[in-house]
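Visitor: Sending over run17.csv (CSV, C-alpha atoms).
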```csv
chain,number,residue,atom,x,y,z
R,939,MET,CA,-42.8,3.1,12.2
R,940,HIS,CA,-41.8,1.0,15.2
R,941,ILE,CA,-42.8,-2.7,14.5
R,942,LEU,CA,-43.0,-5.0,17.6
R,943,PHE,CA,-43.0,-8.6,16.3
R,944,LEU,CA,-43.6,-11.7,18.5
R,945,THR,CA,-42.3,-15.0,17.1
R,946,ASP,CA,-41.0,-18.1,18.9
R,947,ASN,CA,-38.7,-18.9,15.9
R,948,PHE,CA,-35.9,-16.6,14.8
R,949,PRO,CA,-32.3,-17.0,13.5
R,950,PRO,CA,-29.9,-18.6,14.0
R,951,GLU,CA,-32.8,-21.1,13.7
R,952,GLY,CA,-33.3,-21.8,10.0
R,953,ASN,CA,-36.9,-23.0,9.7
R,954,ALA,CA,-39.5,-21.3,7.6
R,955,PRO,CA,-41.0,-19.0,10.2
R,956,ALA,CA,-37.6,-17.8,11.4
R,957,SER,CA,-36.4,-17.1,7.8
R,958,ARG,CA,-39.6,-15.3,6.8
R,959,THR,CA,-39.5,-13.0,9.9
R,960,PHE,CA,-35.8,-12.2,9.7
R,961,GLU,CA,-35.8,-11.5,5.9
R,962,HIS,CA,-38.9,-9.3,6.1
R,963,ALA,CA,-37.5,-7.5,9.1
R,964,THR,CA,-34.2,-6.7,7.4
R,965,GLN,CA,-36.1,-5.2,4.5
R,966,TRP,CA,-38.2,-3.1,6.9
R,967,VAL,CA,-35.0,-1.8,8.6
R,968,ALA,CA,-33.5,-1.0,5.3
R,969,ARG,CA,-36.5,1.2,4.5
R,970,GLY,CA,-35.9,3.2,7.7
R,971,HIS,CA,-38.3,1.5,10.1
R,972,GLN,CA,-37.5,0.3,13.6
R,973,VAL,CA,-38.1,-3.4,14.3
R,974,THR,CA,-38.1,-5.1,17.7
R,975,VAL,CA,-38.4,-8.9,17.6
R,976,ILE,CA,-39.4,-10.8,20.8
R,977,THR,CA,-38.4,-14.4,20.7
R,978,GLY,CA,-36.9,-17.2,22.7
R,979,VAL,CA,-33.4,-18.6,22.6
R,980,PRO,CA,-32.7,-20.7,19.5
R,981,ASN,CA,-33.4,-24.4,20.1
R,982,PHE,CA,-35.5,-25.7,17.2
R,983,PRO,CA,-36.0,-28.5,16.3
R,984,GLU,CA,-34.0,-30.6,18.7
R,985,GLY,CA,-35.0,-28.7,21.8
R,986,VAL,CA,-31.3,-28.0,22.7
R,987,VAL,CA,-30.2,-24.5,23.2
R,988,TYR,CA,-27.7,-23.4,20.5
R,989,LYS,CA,-24.1,-22.9,21.4
R,990,GLY,CA,-23.4,-19.4,22.6
R,991,TYR,CA,-26.9,-18.9,24.1
R,992,ILE,CA,-28.4,-19.3,27.6
R,993,ASN,CA,-32.1,-19.6,28.4
R,994,ARG,CA,-32.3,-16.4,30.5
R,995,TRP,CA,-35.4,-14.4,31.5
R,996,TYR,CA,-34.4,-11.4,29.4
R,997,GLN,CA,-31.5,-10.6,27.1
R,998,ARG,CA,-31.0,-8.3,24.1
R,999,GLU,CA,-28.9,-8.4,20.9
R,1000,GLN,CA,-28.6,-6.6,17.6
R,1001,MET,CA,-29.0,-8.7,14.4
R,1002,ALA,CA,-28.8,-6.9,11.0
R,1003,GLY,CA,-30.2,-3.8,12.5
R,1004,ILE,CA,-33.0,-5.6,14.3
R,1005,ASN,CA,-33.5,-5.2,18.0
R,1006,VAL,CA,-33.8,-8.8,19.2
R,1007,VAL,CA,-35.2,-9.5,22.7
R,1008,ARG,CA,-34.9,-13.1,23.9
R,1009,VAL,CA,-37.0,-14.4,26.8
R,1010,LYS,CA,-36.9,-17.5,28.8
R,1011,THR,CA,-39.3,-20.4,27.8
R,1012,TYR,CA,-39.9,-24.0,28.6
R,1013,ILE,CA,-37.7,-25.8,26.0
R,1014,THR,CA,-38.5,-29.1,24.4
R,1015,ALA,CA,-37.9,-30.9,21.2
R,1016,ASN,CA,-40.4,-30.4,18.3
R,1017,GLU,CA,-42.3,-33.5,19.4
R,1018,GLY,CA,-44.9,-34.4,22.0
R,1019,PHE,CA,-48.2,-32.4,22.1
R,1020,VAL,CA,-48.3,-31.6,25.8
R,1021,ARG,CA,-44.7,-30.5,26.1
R,1022,ARG,CA,-45.0,-28.4,22.9
R,1023,ILE,CA,-48.1,-26.7,24.4
R,1024,LEU,CA,-46.1,-25.9,27.5
R,1025,ASP,CA,-43.4,-24.4,25.3
R,1026,TYR,CA,-46.1,-22.3,23.5
R,1027,LEU,CA,-47.7,-21.1,26.7
R,1028,SER,CA,-44.4,-20.2,28.4
R,1029,PHE,CA,-43.5,-18.0,25.4
R,1030,MET,CA,-47.0,-16.4,25.4
R,1031,VAL,CA,-46.5,-15.3,29.0
R,1032,SER,CA,-42.8,-14.3,28.9
R,1033,GLY,CA,-43.2,-12.6,25.5
R,1034,PHE,CA,-46.2,-10.6,26.7
R,1035,PHE,CA,-44.3,-9.2,29.7
R,1036,ALA,CA,-41.2,-8.5,27.6
R,1037,GLY,CA,-43.4,-6.5,25.2
R,1038,LEU,CA,-44.7,-4.3,28.1
R,1039,VAL,CA,-41.2,-2.8,28.6
R,1040,GLN,CA,-40.3,-2.1,25.0
R,1041,LYS,CA,-40.1,1.4,23.5
R,1042,LYS,CA,-43.6,2.5,22.4
R,1043,PRO,CA,-44.5,0.6,19.2
R,1044,ASP,CA,-46.8,1.7,16.5
R,1045,ILE,CA,-48.1,-1.8,15.7
R,1046,ILE,CA,-47.9,-5.3,17.3
R,1047,VAL,CA,-47.5,-8.3,15.1
R,1048,ALA,CA,-47.7,-11.9,16.2
R,1049,THR,CA,-47.2,-14.9,14.0
R,1050,SER,CA,-48.6,-18.5,14.0
R,1051,PRO,CA,-48.6,-21.5,13.3
R,1052,GLN,CA,-49.3,-21.9,17.0
R,1053,PHE,CA,-51.6,-19.1,18.1
R,1054,PHE,CA,-50.8,-19.0,21.8
R,1055,ASN,CA,-48.2,-16.6,20.5
R,1056,ALA,CA,-51.0,-14.6,18.9
R,1057,VAL,CA,-52.9,-14.6,22.2
R,1058,GLY,CA,-49.8,-12.9,23.7
R,1059,GLY,CA,-49.8,-10.4,20.8
R,1060,TRP,CA,-53.4,-9.6,21.2
R,1061,ALA,CA,-53.1,-9.1,25.0
R,1062,LEU,CA,-50.1,-6.9,24.5
R,1063,SER,CA,-52.0,-4.8,21.9
R,1064,VAL,CA,-54.8,-4.3,24.5
R,1065,ALA,CA,-52.4,-3.4,27.2
R,1066,ARG,CA,-50.4,-0.9,25.1
R,1067,ARG,CA,-53.5,0.3,23.1
R,1068,LYS,CA,-51.9,-0.4,19.7
R,1069,PRO,CA,-53.2,-2.2,16.6
R,1070,PHE,CA,-52.8,-6.0,16.5
R,1071,ILE,CA,-51.8,-7.8,13.3
R,1072,PHE,CA,-52.1,-11.6,13.2
R,1073,GLU,CA,-49.8,-13.2,10.7
R,1074,LEU,CA,-51.5,-16.5,9.8
R,1075,ARG,CA,-49.0,-19.1,8.6
R,1076,ASP,CA,-51.1,-22.2,9.3
R,1077,ILE,CA,-54.7,-23.0,10.1
R,1078,TRP,CA,-54.3,-24.2,13.7
R,1079,PRO,CA,-55.6,-26.3,15.4
R,1080,ALA,CA,-56.9,-28.0,12.1
R,1081,SER,CA,-53.3,-28.9,11.3
R,1082,ILE,CA,-53.0,-30.8,14.6
R,1083,THR,CA,-55.9,-33.1,13.7
R,1084,ALA,CA,-54.7,-33.4,10.1
R,1085,VAL,CA,-51.5,-35.1,11.1
R,1086,GLY,CA,-53.2,-37.3,13.7
R,1087,VAL,CA,-51.6,-35.7,16.8
R,1088,MET,CA,-55.1,-35.2,18.3
R,1089,HIS,CA,-58.7,-36.0,17.2
R,1090,ASP,CA,-61.8,-33.9,17.5
R,1091,SER,CA,-62.5,-33.4,21.2
R,1092,LYS,CA,-63.6,-30.8,23.7
R,1093,LEU,CA,-60.1,-29.4,23.8
R,1094,ILE,CA,-60.0,-29.0,20.0
R,1095,LYS,CA,-63.4,-27.2,20.1
R,1096,LEU,CA,-62.0,-24.9,22.8
R,1097,LEU,CA,-59.0,-24.1,20.6
R,1098,GLU,CA,-61.2,-23.5,17.6
R,1099,ARG,CA,-63.2,-20.9,19.6
R,1100,LEU,CA,-59.9,-19.3,20.7
R,1101,GLU,CA,-58.9,-19.3,17.0
R,1102,MET,CA,-62.0,-17.5,15.9
R,1103,PHE,CA,-61.7,-15.0,18.8
R,1104,LEU,CA,-58.2,-14.0,17.6
R,1105,TYR,CA,-59.4,-13.6,14.0
R,1106,SER,CA,-62.2,-11.3,15.1
R,1107,LYS,CA,-60.0,-9.2,17.4
R,1108,ALA,CA,-57.1,-8.7,14.9
R,1109,ASP,CA,-57.1,-5.3,13.3
R,1110,ARG,CA,-55.4,-6.9,10.3
R,1111,ILE,CA,-54.7,-10.5,9.2
R,1112,ILE,CA,-51.7,-11.3,7.0
R,1113,SER,CA,-52.4,-14.7,5.4
R,1114,VAL,CA,-49.6,-16.6,3.6
R,1115,THR,CA,-51.9,-18.2,1.1
R,1116,GLU,CA,-55.0,-17.1,-0.8
R,1117,SER,CA,-56.6,-20.4,0.3
R,1118,PHE,CA,-56.4,-19.4,4.0
R,1119,ARG,CA,-58.0,-16.1,3.1
R,1120,ARG,CA,-60.9,-17.8,1.4
R,1121,GLU,CA,-61.4,-20.1,4.4
R,1122,LEU,CA,-61.5,-17.3,6.9
R,1123,ILE,CA,-64.1,-15.4,4.8
R,1124,ALA,CA,-66.2,-18.6,4.5
R,1125,ARG,CA,-66.1,-18.8,8.4
R,1126,GLY,CA,-67.4,-15.2,8.7
R,1127,ILE,CA,-64.3,-13.1,9.0
R,1128,ASP,CA,-64.3,-9.8,7.1
R,1129,GLY,CA,-62.3,-10.2,4.0
R,1130,ALA,CA,-61.5,-6.5,3.8
R,1131,LYS,CA,-59.1,-6.9,6.7
R,1132,ILE,CA,-57.2,-9.9,5.3
R,1133,ASP,CA,-54.1,-9.4,3.1
R,1134,VAL,CA,-52.3,-12.2,1.4
R,1135,VAL,CA,-48.5,-12.1,1.5
R,1136,LEU,CA,-47.0,-15.2,0.2
R,1137,ASN,CA,-43.7,-16.7,1.3
R,1138,GLY,CA,-40.8,-15.8,-0.9
R,1139,VAL,CA,-37.0,-16.1,-1.4
R,1140,ASP,CA,-34.1,-13.8,-0.7
R,1141,LEU,CA,-32.7,-13.5,-4.2
R,1142,LYS,CA,-29.5,-12.0,-2.8
R,1143,ARG,CA,-28.7,-15.3,-1.1
R,1144,TYR,CA,-30.4,-17.9,-3.3
R,1145,ALA,CA,-29.4,-18.0,-7.0
R,1146,PRO,CA,-28.9,-20.9,-9.5
R,1147,ALA,CA,-25.6,-22.6,-8.8
R,1148,THR,CA,-23.2,-23.2,-11.7
R,1149,ASP,CA,-21.6,-26.1,-9.8
R,1150,LYS,CA,-22.5,-28.2,-6.8
R,1151,ASP,CA,-20.7,-27.4,-3.5
R,1152,SER,CA,-17.6,-29.6,-4.0
R,1153,ASP,CA,-16.9,-30.2,-0.3
R,1154,LEU,CA,-20.4,-31.4,0.5
R,1155,ALA,CA,-20.7,-33.5,-2.7
R,1156,GLU,CA,-17.4,-35.2,-1.9
R,1157,TYR,CA,-18.0,-35.7,1.8
R,1158,TYR,CA,-21.4,-37.4,1.2
R,1159,GLY,CA,-20.4,-39.3,-1.9
R,1160,LEU,CA,-22.6,-37.4,-4.3
R,1161,LYS,CA,-20.1,-36.5,-7.0
R,1162,GLY,CA,-21.4,-37.6,-10.4
R,1163,LYS,CA,-24.8,-38.5,-8.9
R,1164,PHE,CA,-28.3,-37.2,-9.7
R,1165,VAL,CA,-29.5,-36.0,-6.3
R,1166,ALA,CA,-33.2,-35.8,-5.3
R,1167,GLY,CA,-33.2,-33.8,-2.0
R,1168,TYR,CA,-35.6,-33.2,0.8
R,1169,ILE,CA,-34.3,-30.3,2.7
R,1170,GLY,CA,-36.1,-28.8,5.8
R,1171,ASN,CA,-38.2,-29.8,8.8
R,1172,HIS,CA,-38.7,-33.6,9.2
R,1173,GLY,CA,-42.2,-33.4,10.6
R,1174,MET,CA,-45.2,-35.6,10.9
R,1175,ALA,CA,-46.9,-33.9,8.0
R,1176,HIS,CA,-44.3,-34.6,5.4
R,1177,SER,CA,-44.8,-38.3,4.6
R,1178,LEU,CA,-41.0,-38.9,4.5
R,1179,GLU,CA,-41.3,-42.6,4.7
R,1180,ARG,CA,-42.9,-42.6,1.2
R,1181,ILE,CA,-39.7,-40.9,-0.2
R,1182,VAL,CA,-37.7,-43.8,1.4
R,1183,ASP,CA,-40.1,-46.2,-0.3
R,1184,ALA,CA,-39.4,-44.5,-3.6
R,1185,ALA,CA,-35.7,-44.8,-3.0
R,1186,GLU,CA,-36.1,-48.5,-2.4
R,1187,LEU,CA,-37.7,-48.9,-5.8
R,1188,LEU,CA,-34.6,-47.3,-7.4
R,1189,GLN,CA,-31.8,-49.2,-5.6
R,1190,GLN,CA,-30.6,-50.5,-8.9
R,1191,ARG,CA,-30.0,-46.9,-10.2
R,1192,ASP,CA,-26.5,-46.3,-8.9
R,1193,ASP,CA,-26.5,-42.8,-10.6
R,1194,ILE,CA,-29.4,-41.6,-8.4
R,1195,ARG,CA,-29.2,-40.6,-4.7
R,1196,PHE,CA,-31.9,-39.5,-2.3
R,1197,VAL,CA,-30.8,-37.0,0.3
R,1198,PHE,CA,-32.6,-35.9,3.5
R,1199,ALA,CA,-31.1,-32.9,5.3
R,1200,GLY,CA,-32.6,-31.4,8.4
R,1201,GLY,CA,-34.1,-32.4,11.7
R,1202,GLY,CA,-37.5,-32.7,13.4
R,1203,ALA,CA,-40.0,-34.8,15.1
R,1204,VAL,CA,-39.7,-37.9,12.8
R,1205,ARG,CA,-35.9,-37.7,12.1
R,1206,GLU,CA,-35.0,-40.6,14.3
R,1207,GLN,CA,-37.9,-42.7,12.9
R,1208,LEU,CA,-36.7,-41.9,9.4
R,1209,GLU,CA,-33.1,-42.9,10.2
R,1210,THR,CA,-34.4,-46.2,11.6
R,1211,TYR,CA,-36.5,-46.8,8.6
R,1212,VAL,CA,-33.5,-46.3,6.2
R,1213,ARG,CA,-31.2,-48.4,8.4
R,1214,GLU,CA,-33.7,-51.3,8.6
R,1215,ARG,CA,-34.0,-51.4,4.8
R,1216,GLN,CA,-30.3,-51.2,4.3
R,1217,LEU,CA,-30.6,-48.6,1.5
R,1218,ASN,CA,-27.3,-47.5,0.1
R,1219,ASN,CA,-28.9,-44.9,-2.2
R,1220,VAL,CA,-30.2,-42.7,0.7
R,1221,VAL,CA,-27.9,-40.1,2.3
R,1222,LEU,CA,-28.8,-38.5,5.7
R,1223,ILE,CA,-27.4,-35.1,6.4
R,1224,PRO,CA,-27.9,-33.5,9.8
R,1225,ARG,CA,-29.4,-30.0,10.3
R,1226,GLN,CA,-27.1,-27.4,8.9
R,1227,PRO,CA,-26.7,-23.7,10.0
R,1228,LYS,CA,-28.9,-21.2,8.1
R,1229,GLU,CA,-26.0,-19.7,6.3
R,1230,MET,CA,-25.2,-23.1,4.8
R,1231,MET,CA,-28.6,-23.5,3.0
R,1232,PRO,CA,-27.6,-22.2,-0.4
R,1233,GLN,CA,-24.6,-24.6,-0.5
R,1234,LEU,CA,-26.9,-27.4,0.7
R,1235,TRP,CA,-29.4,-26.7,-2.0
R,1236,SER,CA,-26.7,-26.6,-4.6
R,1237,ILE,CA,-26.0,-30.4,-4.3
R,1238,CYS,CA,-29.6,-31.1,-5.3
R,1239,ASP,CA,-30.7,-31.7,-8.9
R,1240,VAL,CA,-34.4,-32.1,-7.9
R,1241,ALA,CA,-36.2,-30.8,-4.8
R,1242,LEU,CA,-38.7,-33.1,-3.2
R,1243,VAL,CA,-41.8,-31.4,-1.7
R,1244,ASN,CA,-43.9,-33.8,0.3
R,1245,LEU,CA,-47.0,-33.6,2.4
R,1246,ILE,CA,-49.5,-36.2,3.5
R,1247,ASP,CA,-52.7,-36.7,1.6
R,1248,THR,CA,-55.2,-34.7,3.6
R,1249,PRO,CA,-57.5,-31.9,2.3
R,1250,LEU,CA,-56.0,-29.3,4.6
R,1251,PHE,CA,-52.7,-29.5,2.8
R,1252,SER,CA,-54.3,-28.4,-0.5
R,1253,THR,CA,-54.3,-24.9,1.1
R,1254,VAL,CA,-50.7,-24.6,2.0
R,1255,ILE,CA,-47.6,-23.5,0.0
R,1256,PRO,CA,-44.4,-25.0,1.5
R,1257,SER,CA,-41.7,-22.4,1.7
R,1258,LYS,CA,-39.1,-24.7,0.2
R,1259,ILE,CA,-40.9,-24.2,-3.1
R,1260,PHE,CA,-39.6,-20.6,-3.3
R,1261,GLU,CA,-36.1,-21.5,-2.2
R,1262,SER,CA,-36.0,-24.2,-4.9
R,1263,MET,CA,-37.1,-21.7,-7.5
R,1264,GLY,CA,-34.4,-19.3,-6.3
R,1265,MET,CA,-31.8,-22.0,-6.8
R,1266,GLY,CA,-33.2,-22.9,-10.2
R,1267,ILE,CA,-34.0,-26.5,-9.0
R,1268,PRO,CA,-36.9,-28.4,-10.6
R,1269,MET,CA,-39.3,-29.9,-8.1
R,1270,VAL,CA,-41.2,-33.1,-7.7
R,1271,ILE,CA,-44.3,-32.1,-5.8
R,1272,SER,CA,-46.1,-34.9,-3.9
R,1273,MET,CA,-49.1,-33.3,-2.1
R,1274,PRO,CA,-52.8,-32.7,-2.5
R,1275,LEU,CA,-53.8,-30.6,-5.5
R,1276,GLY,CA,-54.3,-27.0,-4.6
R,1277,GLU,CA,-52.6,-23.6,-4.4
R,1278,ALA,CA,-49.0,-24.9,-4.3
R,1279,THR,CA,-49.3,-27.4,-7.1
R,1280,GLU,CA,-51.0,-24.8,-9.3
R,1281,LEU,CA,-48.2,-22.4,-8.6
R,1282,VAL,CA,-45.6,-24.9,-9.7
R,1283,ARG,CA,-47.5,-26.1,-12.7
R,1284,ASN,CA,-48.2,-22.6,-13.9
R,1285,ALA,CA,-44.5,-21.8,-13.6
R,1286,GLY,CA,-43.5,-25.0,-15.4
R,1287,ALA,CA,-41.0,-25.6,-12.6
R,1288,GLY,CA,-41.7,-29.1,-11.7
R,1289,VAL,CA,-43.6,-32.4,-11.8
R,1290,ILE,CA,-46.8,-33.0,-9.8
R,1291,VAL,CA,-47.4,-36.6,-8.6
R,1292,LYS,CA,-50.0,-38.2,-6.4
R,1293,PRO,CA,-49.3,-37.7,-2.7
R,1294,GLU,CA,-48.1,-40.7,-0.7
R,1295,CYS,CA,-47.4,-42.7,-4.0
R,1296,PRO,CA,-43.8,-43.9,-4.0
R,1297,LYS,CA,-44.1,-45.4,-7.5
R,1298,GLU,CA,-45.1,-42.1,-9.1
R,1299,LEU,CA,-42.5,-40.2,-7.2
R,1300,ALA,CA,-39.7,-42.6,-8.3
R,1301,THR,CA,-40.9,-42.5,-11.9
R,1302,ALA,CA,-40.8,-38.6,-11.8
R,1303,VAL,CA,-37.3,-38.6,-10.5
R,1304,VAL,CA,-36.1,-41.1,-13.1
R,1305,ALA,CA,-37.7,-39.0,-15.9
R,1306,LEU,CA,-35.9,-35.9,-14.9
R,1307,CYS,CA,-32.6,-37.8,-14.5
R,1308,ASP,CA,-32.9,-39.4,-17.9
R,1309,ASN,CA,-34.1,-36.3,-19.8
R,1310,PRO,CA,-31.6,-33.5,-19.3
R,1311,CYS,CA,-33.4,-31.2,-21.8
R,1312,THR,CA,-36.6,-31.4,-19.7
R,1313,TRP,CA,-34.6,-30.9,-16.5
R,1314,LYS,CA,-32.8,-27.8,-18.0
R,1315,ARG,CA,-36.1,-26.3,-19.2
R,1316,MET,CA,-37.7,-26.7,-15.8
R,1317,SER,CA,-34.6,-25.3,-14.1
R,1318,GLN,CA,-34.7,-22.2,-16.2
R,1319,ARG,CA,-38.4,-21.7,-15.6
R,1320,ALA,CA,-37.9,-22.2,-11.8
R,1321,GLY,CA,-35.3,-19.5,-11.8
R,1322,ALA,CA,-37.5,-17.1,-13.8
R,1323,ALA,CA,-40.5,-17.7,-11.5
R,1324,ALA,CA,-38.4,-16.9,-8.4
R,1325,GLN,CA,-38.3,-13.2,-9.6
R,1326,LEU,CA,-42.0,-13.0,-8.9
R,1327,TYR,CA,-41.6,-14.0,-5.2
R,1328,SER,CA,-38.6,-12.0,-4.0
R,1329,ARG,CA,-38.6,-11.5,-0.3
R,1330,GLU,CA,-38.1,-7.7,-0.9
R,1331,SER,CA,-41.4,-7.4,-2.7
R,1332,MET,CA,-43.2,-9.5,-0.1
R,1333,ALA,CA,-41.8,-7.4,2.7
R,1334,HIS,CA,-43.0,-4.2,1.0
R,1335,LYS,CA,-46.5,-5.7,0.5
R,1336,MET,CA,-46.6,-6.4,4.2
R,1337,LEU,CA,-45.6,-2.9,5.1
R,1338,GLU,CA,-48.4,-1.6,3.0
R,1339,ALA,CA,-50.8,-3.7,5.1
R,1340,PHE,CA,-49.3,-2.2,8.3
R,1341,ASP,CA,-49.7,1.3,6.9
R,1342,ASN,CA,-53.4,0.6,6.3
R,1343,VAL,CA,-53.8,-0.1,10.0
R,1344,ILE,CA,-52.2,3.0,11.4
R,1345,ARG,CA,-53.5,5.6,9.0
```
Would you write the structure of this file as structure tokens?

Guide:
Amino acid sequence: MHILFLTDNFPPEGNAPASRTFEHATQWVARGHQVTVITGVPNFPEGVVYKGYINRWYQREQMAGINVVRVKTYITANEGFVRRILDYLSFMVSGFFAGLVQKKPDIIVATSPQFFNAVGGWALSVARRKPFIFELRDIWPASITAVGVMHDSKLIKLLERLEMFLYSKADRIISVTESFRRELIARGIDGAKIDVVLNGVDLKRYAPATDKDSDLAEYYGLKGKFVAGYIGNHGMAHSLERIVDAAELLQQRDDIRFVFAGGGAVREQLETYVRERQLNNVVLIPRQPKEMMPQLWSICDVALVNLIDTPLFSTVIPSKIFESMGMGIPMVISMPLGEATELVRNAGAGVIVKPECPKELATAVVALCDNPCTWKRMSQRAGAAAQLYSRESMAHKMLEAFDNVIR
């Protein structure tokens, strides 16, 4: 099978969409399938082209057996609604034309969260007369209004109509949560064409660490400290200020450190917030290369999973949950009750606290720090639960959905 996949994030970018697509694609290649990924030059989240790349109209490379086609796009940082829309639209157009000249595919897959990419995938499927699979990673544009970037308006209504059009035209929809599937069915989409393929973790790369990475721990002054870490995209949805508030409550605990590692739309605001409060128990680590992620996770004793308190986020499962499980790291989950909190609770892999509540978050971190037996039990359960969500098994499940389309 030749799988043509459109995504505007791909390694060396290390965010969740890039990792999911790359790790699935390597599994498909290992099973004997041909995979062509159309993407842009790496620039997420700062909007700066990575070293060694040029924003050209068309260029090709091989990556782990995957044919990677990079196209020119309008590049901007992961902030600002209008400029991000221009970024999305430019990839929709350039990705479509690049798809026209690829070797004949059997299926065409396009991934969200932004669905202008899916528009390009659908148009390409029509032009090439091939099935269109929509990988649904986020309910968009609802997520825009959920974080306050935009409010209900004529534009949002127009985007919602486009959203429903894409759902109806997709030959298959791959949802990353069961909650998304239920919502689409409630909105009139045929449930028979929706498959659920959760995010997962590459168990060949992520495994419980016997020791913290000594270089990172020493460089950032974390030796002998109990580390509560937020690792990943610093976005508007993540309520990171509340983690800082929790850190402020624990300034007297010299044995505890809060670590933020990554970049994104609110990174500068977060740095300002920490600096203004003069917190010496908060460590800020810049975005690291994808290959450094296991070492970065290893310095954490607790993973912080945060989202703002809005109903939409009861339907999502942050991908860092699976990486935390893979590393055997207990979690403190601060987000609306829903599919993610249920998953962690059933696994016994973490503590659930009220979203946007610094006091509860601080209390949970202290409890895990002061009770090593509880921490060890949750660590073991996290590692055991990770086996249920291997990227290999999820990639196979997605292949089965593809097969159902082309039979």

Visitor: Excluding Ser1032 of chain R and any residue of its chain fewer than 3 positions from it, enumerate the residues within 10 Å of it, using all atoms listed in the file, and give them as a PDB file with C-alpha atoms, keeping the file's coordinate frame.

Guide:
```
ATOM      1  CA  ILE R 976     -39.400 -10.800  20.800  1.00  0.00           C
ATOM      2  CA  THR R 977     -38.400 -14.400  20.700  1.00  0.00           C
ATOM      3  CA  GLY R 978     -36.900 -17.200  22.700  1.00  0.00           C
ATOM      4  CA  TRP R 995     -35.400 -14.400  31.500  1.00  0.00           C
ATOM      5  CA  TYR R 996     -34.400 -11.400  29.400  1.00  0.00           C
ATOM      6  CA  ARG R1008     -34.900 -13.100  23.900  1.00  0.00           C
ATOM      7  CA  VAL R1009     -37.000 -14.400  26.800  1.00  0.00           C
ATOM      8  CA  LYS R1010     -36.900 -17.500  28.800  1.00  0.00           C
ATOM      9  CA  THR R1011     -39.300 -20.400  27.800  1.00  0.00           C
ATOM     10  CA  LEU R1027     -47.700 -21.100  26.700  1.00  0.00           C
ATOM     11  CA  SER R1028     -44.400 -20.200  28.400  1.00  0.00           C
ATOM     12  CA  PHE R1029     -43.500 -18.000  25.400  1.00  0.00           C
ATOM     13  CA  PHE R1035     -44.300  -9.200  29.700  1.00  0.00           C
ATOM     14  CA  ALA R1036     -41.200  -8.500  27.600  1.00  0.00           C
ATOM     15  CA  GLY R1037     -43.400  -6.500  25.200  1.00  0.00           C
ATOM     16  CA  GLY R1058     -49.800 -12.900  23.700  1.00  0.00           C
TER      17      GLY R1058
END
```

Visitor: Have a look at atom CA of Pro1227 of chain R and atom CA of Met1332 of chain R and let me know their distance in Å, one decimal.

Guide: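 Calculated distance between atom CA of Pro1227 of chain R and atom CA of Met1332 of chain R is 24.0 Å.
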
Visitor: Smallest atom-to-atom distance to Ala1147 of chain R: which of R:Gly1321, R:Ala1203, R:Thr1301, R:Glu1277, using all atoms listed in the file?

Guide: R:Gly1321

Visitor: Given the choices R:Val973, R:Met1265, R:Val1289, R:Leu1062, which gets closest to Arg1143 of chain R if the distance is worked out from only C-alpha atoms?

Guide: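 Of the candidates, the smallest distance to Arg1143 of chain R is held by R:Met1265.
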
Visitor: Using all atoms listed in the file - which residues lie no farther than 9 Å from the point (-35.4, -32.6, -6.4) in the file's frame? Write them as a list in words.

Guide: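 Using all atoms listed in the file, the matching residues come out as Val1165, Ala1166, Gly1167, Tyr1168, Phe1196, Cys1238, Asp1239, Val1240, Ala1241, Leu1242, Val1243, Ser1262, Ile1267, Pro1268, Met1269, Val1270, Ile1271, Gly1288 and Val1303 of chain R.
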
Visitor: Between R:Leu1141, R:Ala1323, R:Val975, R:Leu942, which one has atoms that come closest to Ile1045 of chain R, using all atoms listed in the file?

Guide: R:Leu942

Visitor: Figure out the distance between atom CA of Leu1245 of chain R and atom CA of Arg1205 of chain R, please, to one decimal in Å.

Guide: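 Separation between atom CA of Arg1205 of chain R and atom CA of Leu1245 of chain R: 15.3 Å.
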
Visitor: Measuring atom to atom with all atoms listed in the file, identify which of R:Arg1066, R:His962, R:Lys1228, R:Arg1283 is nearest to Ile1169 of chain R.

Guide: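 That would be R:Lys1228, the residue with the smallest distance to Ile1169 of chain R.
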
Visitor: In Å to one decimal, how far is atom CA of Ser1152 of chain R from atom CA of Val1220 of chain R?

Guide: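 Distance reported for this atom pair: 18.8 Å.
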
Visitor: If the box runs along x, y and z of the file and leaves 6 Å on each side of segment 1223-1233 of chain R, what are its centre and edge lengths in Å, one decimal, as JSON?

Guide:
```
{"center_x": -27.0, "center_y": -27.4, "center_z": 4.9, "size_x": 16.8, "size_y": 27.4, "size_z": 22.8}
```

Visitor: Show which residues sit within 8 Å of Asn947 of chain R, as a list in words. Count all atoms listed in the file, and ignore same-chain residues fewer than 2 positions away.

Guide: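 Near neighbours after the sequence-gap exclusion: Thr945, Pro949, Glu951, Asn953, Pro955, Ala956, Thr977, Gly978, Pro980 and Phe982 of chain R.
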
Visitor: With C-alpha atoms retained, could you export that selection as a JSON list (two decimals), keeping the file's coordinate frame?

Guide:
```json
[["chain", "number", "residue", "atom", "x", "y", "z"],
["R", 945, "THR", "CA", -42.30, -15.00, 17.10],
["R", 949, "PRO", "CA", -32.30, -17.00, 13.50],
["R", 951, "GLU", "CA", -32.80, -21.10, 13.70],
["R", 953, "ASN", "CA", -36.90, -23.00, 9.70],
["R", 955, "PRO", "CA", -41.00, -19.00, 10.20],
["R", 956, "ALA", "CA", -37.60, -17.80, 11.40],
["R", 977, "THR", "CA", -38.40, -14.40, 20.70],
["R", 978, "GLY", "CA", -36.90, -17.20, 22.70],
["R", 980, "PRO", "CA", -32.70, -20.70, 19.50],
["R", 982, "PHE", "CA", -35.50, -25.70, 17.20]]
```

Visitor: Residues within 8 Å of segment 1113-1117 of chain R, please, as a PyMOL selection string. Count all atoms listed in the file; anything in the same chain fewer than 2 positions from it doesn't count.

Guide: chain R and resi 1073-1075+1111+1119-1121+1132-1137+1253-1255+1277
